Amino acid sequence: MTNPAPTTRFDPLALLRPAIRDLVPFSSARGESAGLNANSSGQPLVWLDANESPWPPYGDFAASCHSNRYPDPQPQALREQLAKLYGVGADQILMTRGSEEIPDLLIRSFCQSGQDGVVLCPPTFAIYQIHAAINASPVRMVRLRPDHGYDLDVDAILAGWQAHEKLLIIPNPNAPMGHLMNNGQLTRLLDGLSQRAMVVIDEAYQEFTGQPSWAARLADHPNLMVMRTLSKSYGLAGARLGALIADARLIAKLAGVLPAYPLSAPTIAVALEALSPAGLELARQRRAVLVEQRQRLAAALAQDPAVLTVFPSCGNFLLLHTTDASAFMARCQSGGVIARNRSADLPNAVRVTVGSPEENDRLLQALAKTANSF
Ligand SMILES: Cc1ncc(COP(=O)(O)O)c(C=O)c1O
């Protein structure tokens, strides 16, 4: 009997551009001194290593965040909080300026400009294509299948895969529609592309789904990377904080591609508070309200004479197929409510964010008042 051939585990570093794999990253002053705060006799340290101002600027908030000092590039306390939140190791987390920075980082790191490509599945989040264009990376579009509930066309993605295609990026839940992709199909893609390409699952709206994160499957799929954001469920869109979750060695390499100080001191301070036990509990309660309001809005909007379809959504938004997107937007605006025309994704589509109960009242009142005039 012959022994089965030894299976070598795929090393995701092999897919990085050689220049990134071999990069000697910049060593920042604060990166080198991270964790130091007193000398051996317990005296506080005097920081004369980074050409900063010794004084904080005017304003209590700036002073409380030590805004005159460069922050730790990947502050350990925040990293550990996020690791706990997402159920992974701290070394598997890379914090970024919003999750929007991640497609840019990944395309620059895996795709040789003008040569290596990205596969996207529209309707999808528009920013991926823009970052591919900035990097002059060819994009192959494999549309979701409207005849199968806007599922992934796994056969077309795999059958058409070419050697220069390094990344597949999939928002899950989908944006702009809001539905979850089929787990079996995602697994087929991860298996079918193992050794060949990285699969990026963008979980910007995961907290609203009630389903487990793909981060729990990282150990099974070395070519999986997961994007998370603090912008939605944790109310930090204005602070700009996202996280890439991936293989720890890959995270260490990608950290060297980011700017020397990617996170601002105020961002770090507000995020630590938002992720404190009290902050997490508040976010949990608010999420429950939004999920309830999503149901309420979906049911009410389905009754509107100009709404043809309310797409089933697991996120904090609803996509509507309307008879006329511009007219629908005008009706919202007549009540002071700003929705988003997504006709670029699907003809006459309008996306509405699920707001607070009072904000949703305003939307429904505006629509009720104009129901006969569209
Ligand atoms: C699917 C998806 N991914 C990522 C983002 C970016 O979020 P942020 O950069 O605020 O983390 C958004 C924002 O709307 C989104 O819809």
# chains A, B, ... in the order shown; residues from 1 in each chain; ligands from 1
>>> residues_near_ligand(ligand="ligand 1", cutoff="9 Å", atoms="only C-alpha atoms and all ligand atoms", output="ChimeraX atom specification")
/A:96-103,124-128,170-176,202-205,227-232,236-243
>>> residues_around(residues="Ala300 in chain A", least_positions_apart="4", cutoff="8 Å", atoms="only C-alpha atoms", output="count of residues only")
3
>>> select_by_dssp(residues="range 142-321 of chain A", states="strand (DSSP E)", output="ChimeraX atom specification")
/A:165-171,198-202,224-229,242-245,307-310,317-321
>>> closest_residue(among="A:Pro44, A:Gly355, A:Gly279, A:Pro266", to="Ser64 in chain A", atoms="only C-alpha atoms")
A:Pro266
>>> residues_around(residues="range 245-248 of chain A", least_positions_apart="4", cutoff="9 Å", atoms="only C-alpha atoms", output="list in words")
Pro12, Ala83, Tyr86, Val88, Gly89, Ala90, Asp91, Gln92, Ile93, Leu94, Met95, Ala215, Leu218, Ala219, Pro222, Asn223, Leu224, Met225, Val226, Met227, Arg228, Ala252 and Lys253 of chain A
>>> write_last_selection(atoms="C-alpha atoms", output="mmCIF file, in the first residue's frame")
data_model
loop_
_atom_site.group_PDB
_atom_site.id
_atom_site.type_symbol
_atom_site.label_atom_id
_atom_site.label_comp_id
_atom_site.auth_asym_id
_atom_site.auth_seq_id
_atom_site.Cartn_x
_atom_site.Cartn_y
_atom_site.Cartn_z
ATOM 1 C CA PRO A 12 -0.582 32.741 1.181
ATOM 2 C CA ALA A 83 -9.330 40.062 18.402
ATOM 3 C CA TYR A 86 -13.916 38.733 16.221
ATOM 4 C CA VAL A 88 -9.271 35.430 16.405
ATOM 5 C CA GLY A 89 -5.687 35.990 17.545
ATOM 6 C CA ALA A 90 -4.418 39.562 17.940
ATOM 7 C CA ASP A 91 -1.688 38.770 15.408
ATOM 8 C CA GLN A 92 -4.380 37.970 12.822
ATOM 9 C CA ILE A 93 -5.728 41.548 12.950
ATOM 10 C CA LEU A 94 -4.554 44.536 10.938
ATOM 11 C CA MET A 95 -6.290 47.832 11.741
ATOM 12 C CA ALA A 215 -13.273 34.544 10.405
ATOM 13 C CA LEU A 218 -9.591 30.927 8.605
ATOM 14 C CA ALA A 219 -7.810 27.812 9.833
ATOM 15 C CA PRO A 222 -5.371 29.627 4.089
ATOM 16 C CA ASN A 223 -6.521 31.665 1.055
ATOM 17 C CA LEU A 224 -9.344 33.365 3.011
ATOM 18 C CA MET A 225 -9.201 36.950 4.254
ATOM 19 C CA VAL A 226 -12.040 38.746 6.061
ATOM 20 C CA MET A 227 -12.782 42.470 6.121
ATOM 21 C CA ARG A 228 -14.554 44.045 9.089
ATOM 22 C CA ALA A 252 2.744 41.114 9.473
ATOM 23 C CA LYS A 253 3.755 41.621 5.822
#
>>> residues_around(residues="Phe317 in chain A", least_positions_apart="2", cutoff="6 Å", atoms="only C-alpha atoms", output="ChimeraX atom specification")
/A:315,352-354
>>> closest_atom_pairs(of="range 72-147 of chain A", to="range 270-278 of chain A", cutoff="9 Å", atoms="only C-alpha atoms", output="Markdown table")
| residue | atom | partner | partner_atom | distance |
| --- | --- | --- | --- | --- |
| A:Ala77 | CA | A:Leu272 | CA | 7.9 |
| A:Leu78 | CA | A:Leu272 | CA | 6.1 |
| A:Gln81 | CA | A:Leu275 | CA | 6.9 |
| A:Leu82 | CA | A:Leu275 | CA | 8.1 |
| A:Leu85 | CA | A:Leu275 | CA | 8.5 |
